[in-house]
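Student: File start.cif follows (mmCIF, C-alpha atoms):
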data_entry
loop_
_atom_site.group_PDB
_atom_site.id
_atom_site.type_symbol
_atom_site.label_atom_id
_atom_site.label_comp_id
_atom_site.auth_asym_id
_atom_site.auth_seq_id
_atom_site.Cartn_x
_atom_site.Cartn_y
_atom_site.Cartn_z
ATOM 1 C CA MET A 1255 -160.093 31.864 164.266
ATOM 2 C CA ILE A 1256 -159.432 35.571 163.984
ATOM 3 C CA GLN A 1257 -158.232 37.192 160.806
ATOM 4 C CA SER A 1258 -154.770 38.697 160.989
ATOM 5 C CA VAL A 1259 -153.243 40.966 158.366
ATOM 6 C CA MET A 1260 -149.639 42.128 158.348
ATOM 7 C CA ILE A 1261 -149.652 45.825 159.156
ATOM 8 C CA SER A 1262 -148.500 48.347 156.571
ATOM 9 C CA GLN A 1263 -149.000 52.035 155.942
ATOM 10 C CA ASP A 1264 -150.983 51.252 152.803
ATOM 11 C CA ILE A 1265 -153.681 49.168 154.484
ATOM 12 C CA LEU A 1266 -154.385 51.562 157.364
ATOM 13 C CA LYS A 1267 -156.817 53.555 155.216
ATOM 14 C CA ASP A 1268 -158.884 50.421 154.614
ATOM 15 C CA TYR A 1269 -159.965 50.110 158.257
ATOM 16 C CA GLN A 1270 -161.229 51.959 161.284
ATOM 17 C CA VAL A 1271 -158.085 51.501 163.371
ATOM 18 C CA PHE A 1272 -158.268 51.083 167.133
ATOM 19 C CA ASP A 1273 -154.937 51.601 168.911
ATOM 20 C CA ILE A 1274 -155.337 49.529 172.056
ATOM 21 C CA ARG A 1275 -151.970 50.307 173.649
ATOM 22 C CA ASN A 1276 -151.722 52.356 176.852
ATOM 23 C CA LYS A 1277 -151.087 56.052 177.457
ATOM 24 C CA ASN A 1278 -147.402 55.565 178.160
ATOM 25 C CA GLU A 1279 -146.945 53.813 174.824
ATOM 26 C CA TRP A 1280 -148.892 56.523 172.992
ATOM 27 C CA ARG A 1281 -146.790 59.237 174.653
ATOM 28 C CA GLU A 1282 -143.547 57.437 173.884
ATOM 29 C CA SER A 1283 -144.048 56.651 170.217
ATOM 30 C CA GLY A 1284 -147.036 58.669 169.023
ATOM 31 C CA VAL A 1285 -150.142 57.272 167.371
ATOM 32 C CA ILE A 1286 -151.586 56.500 163.957
ATOM 33 C CA GLU A 1287 -153.316 59.577 162.619
ATOM 34 C CA GLY A 1288 -157.085 59.126 162.890
ATOM 35 C CA ALA A 1289 -156.905 56.009 165.061
ATOM 36 C CA VAL A 1290 -159.358 55.543 167.910
ATOM 37 C CA LEU A 1291 -157.361 55.317 171.144
ATOM 38 C CA LEU A 1292 -158.884 52.797 173.516
ATOM 39 C CA SER A 1293 -156.641 50.925 175.948
ATOM 40 C CA PHE A 1294 -157.202 47.198 176.260
ATOM 41 C CA ASN A 1295 -155.551 47.292 179.702
ATOM 42 C CA LEU A 1296 -155.640 49.903 182.436
ATOM 43 C CA SER A 1297 -152.410 51.631 183.490
ATOM 44 C CA ASN A 1298 -151.943 49.061 186.279
ATOM 45 C CA GLY A 1299 -152.018 46.229 183.706
ATOM 46 C CA SER A 1300 -155.442 44.893 184.587
ATOM 47 C CA PRO A 1301 -158.040 44.435 181.838
ATOM 48 C CA ASN A 1302 -160.091 47.498 180.961
ATOM 49 C CA PRO A 1303 -163.610 46.558 182.154
ATOM 50 C CA ASP A 1304 -165.182 49.036 179.722
ATOM 51 C CA PHE A 1305 -163.256 47.918 176.631
ATOM 52 C CA ILE A 1306 -166.100 46.016 174.938
ATOM 53 C CA LYS A 1307 -168.734 48.625 175.772
ATOM 54 C CA GLU A 1308 -166.532 51.467 174.495
ATOM 55 C CA PHE A 1309 -165.488 49.546 171.396
ATOM 56 C CA GLN A 1310 -169.114 48.923 170.526
ATOM 57 C CA ARG A 1311 -170.011 52.579 171.113
ATOM 58 C CA LEU A 1312 -167.121 53.922 169.015
ATOM 59 C CA ARG A 1313 -167.115 51.541 166.100
ATOM 60 C CA ASP A 1314 -168.213 52.752 162.695
ATOM 61 C CA GLU A 1315 -170.598 50.087 161.419
ATOM 62 C CA ASN A 1316 -169.783 51.089 157.831
ATOM 63 C CA LYS A 1317 -166.124 50.107 158.196
ATOM 64 C CA THR A 1318 -164.166 47.056 159.208
ATOM 65 C CA GLN A 1319 -162.357 47.540 162.497
ATOM 66 C CA ALA A 1320 -158.675 46.698 162.851
ATOM 67 C CA LEU A 1321 -156.827 46.566 166.152
ATOM 68 C CA VAL A 1322 -153.195 47.458 166.706
ATOM 69 C CA CYS A 1323 -150.930 47.230 169.728
ATOM 70 C CA ALA A 1324 -147.148 47.247 170.063
ATOM 71 C CA SER A 1325 -146.427 43.836 168.543
ATOM 72 C CA GLY A 1326 -149.738 42.104 167.795
ATOM 73 C CA PHE A 1327 -150.199 40.040 170.959
ATOM 74 C CA ARG A 1328 -152.743 42.239 172.760
ATOM 75 C CA SER A 1329 -154.553 43.058 169.519
ATOM 76 C CA ALA A 1330 -154.964 39.329 168.828
ATOM 77 C CA SER A 1331 -156.432 38.841 172.319
ATOM 78 C CA ALA A 1332 -158.728 41.855 171.916
ATOM 79 C CA THR A 1333 -159.872 40.682 168.491
ATOM 80 C CA ASN A 1334 -160.773 37.289 169.958
ATOM 81 C CA LEU A 1335 -162.691 38.976 172.784
ATOM 82 C CA ILE A 1336 -164.629 41.167 170.339
ATOM 83 C CA LYS A 1337 -165.572 38.100 168.305
ATOM 84 C CA ALA A 1338 -166.653 36.201 171.430
ATOM 85 C CA LYS A 1339 -168.658 39.027 173.039
ATOM 86 C CA LEU A 1340 -170.030 40.931 170.033
ATOM 87 C CA ASN A 1341 -169.722 38.456 167.150
ATOM 88 C CA ILE A 1342 -167.848 41.117 165.143
ATOM 89 C CA ASP A 1343 -165.020 40.080 162.847
ATOM 90 C CA ALA A 1344 -162.380 42.686 163.617
ATOM 91 C CA ILE A 1345 -158.902 42.377 162.106
ATOM 92 C CA ASN A 1346 -155.684 41.894 164.070
ATOM 93 C CA LEU A 1347 -152.861 43.989 162.588
ATOM 94 C CA LYS A 1348 -149.915 41.589 162.894
ATOM 95 C CA GLY A 1349 -146.570 43.023 163.851
ATOM 96 C CA GLY A 1350 -148.176 46.017 165.524
ATOM 97 C CA MET A 1351 -146.614 49.428 165.832
ATOM 98 C CA HIS A 1352 -143.102 47.959 165.968
ATOM 99 C CA ALA A 1353 -143.502 46.563 162.446
ATOM 100 C CA LEU A 1354 -145.107 49.777 161.222
ATOM 101 C CA PHE A 1355 -142.215 51.875 162.542
ATOM 102 C CA ASP A 1356 -139.738 49.417 160.990
ATOM 103 C CA GLN A 1357 -141.380 50.255 157.650
ATOM 104 C CA GLY A 1358 -140.631 53.956 158.181
ATOM 105 C CA TYR A 1359 -144.071 55.047 159.357
ATOM 106 C CA LYS A 1360 -144.160 58.475 160.989
ATOM 107 C CA SER A 1361 -146.705 58.696 163.807
ATOM 108 C CA VAL A 1362 -148.441 61.823 165.053
ATOM 109 C CA PRO A 1363 -147.923 63.029 168.633
ATOM 110 C CA TYR A 1364 -150.256 61.801 171.326
ATOM 111 C CA ARG A 1365 -152.287 64.746 172.611
ATOM 112 C CA GLY A 1366 -154.491 63.183 175.283
ATOM 113 C CA GLN A 1367 -157.272 62.193 172.884
ATOM 114 C CA ASP A 1368 -157.819 58.769 174.440
ATOM 115 C CA LEU A 1369 -160.875 57.506 176.207
ATOM 116 C CA VAL A 1370 -159.441 55.117 178.802
#
Show the structure stored in the file as structure tokens.
Tutor:
Amino acid sequence: MIQSVMISQDILKDYQVFDIRNKNEWRESGVIEGAVLLSFNLSNGSPNPDFIKEFQRLRDENKTQALVCASGFRSASATNLIKAKLNIDAINLKGGMHALFDQGYKSVPYRGQDLV
């Protein structure tokens, strides 16, 4: 069972945050400042075949990783995959970006800093 934590502005600093949405979502709503941008799915909707490899390469072993998507569905799936493939206990940020924006969070503009 994965660990899920309700997203809030206050807890973001506690984790290395991976925003696993896609480029269109990042462009539309902006991103969390300092988040690692790594799409879980390619632009055509298919799974990103490099997701696990890139996650492993980019993760800071001194921090706990937390994954965010739009609502929490993809981040829950990605968190399960990370546990299954890497045996790493990442955190699913429940509610996703929608919940964060509902709390008044102000994102920073997406500037093409993603990997995939």
Student: Kindly provide, as AutoDock Vina command-line options, the centre and edge lengths (Å, one decimal) of an axis-aligned box around all atoms of region 1314-1332 of chain A given in the file, with 5 Å on each side.
Tutor:
--center_x -158.5 --center_y 45.8 --center_z 165.3 --size_x 34.2 --size_y 23.9 --size_z 24.9
Student: So, counting all atoms listed in the file, which residue among A:Ser1300, A:Gln1270, A:Asn1276, A:Thr1333 is closest to Gly1288 (chain A)?
Tutor: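 Nearest candidate to Gly1288 (chain A) out of A:Ser1300, A:Gln1270, A:Asn1276, A:Thr1333: A:Gln1270.
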Student: For Asp1273 (chain A), please output as a list in words all residues within 10 Å (counting only C-alpha atoms; exclusion window: fewer than 2 positions along the same chain).
Tutor: Gln1270, Val1271, Arg1275, Asn1276, Trp1280, Val1285, Ile1286, Gly1288, Ala1289, Val1290, Leu1291, Leu1292, Ser1293, Phe1294, Ala1320, Leu1321, Val1322, Cys1323, Ala1324, Ser1329, Gly1350, Met1351 and Asp1368 of chain A
Student: Run the PyMOL selection byres ((chain A and resi 1365) around 10) mentally over the shown coordinates, then write out the matched residues as number ranges by chain, using the chain letters and numbers from the document.
Tutor: A: 1280-1281, 1284-1285, 1362-1364, 1366-1368
Student: Written as a ChimeraX atom specification, what is the full residue list that the PyMOL selection byres ((chain A and resi 1310) around 12) yields on the file shown?
Tutor: /A:1272,1292,1304-1309,1311-1315,1319,1336-1337,1339-1342,1344
Student: Expand the PyMOL selection byres ((chain A and resi 1256-1259) around 7) into the individual residues it matches in the shown file, reporting them as a list in words.
Tutor: Met1255, Met1260, Ile1261, Thr1333, Asn1334, Ile1345, Asn1346, Leu1347 and Lys1348 of chain A
Student: Around the point (-157.8, 43.9, 178.3) in the file's coordinates, collect all residues with an atom within 9 Å, using all atoms listed in the file, and return them as JSON, numbers by chain.
Tutor: {"A": [1274, 1293, 1294, 1295, 1296, 1299, 1300, 1301, 1302, 1303, 1305, 1328, 1331, 1332, 1335]}
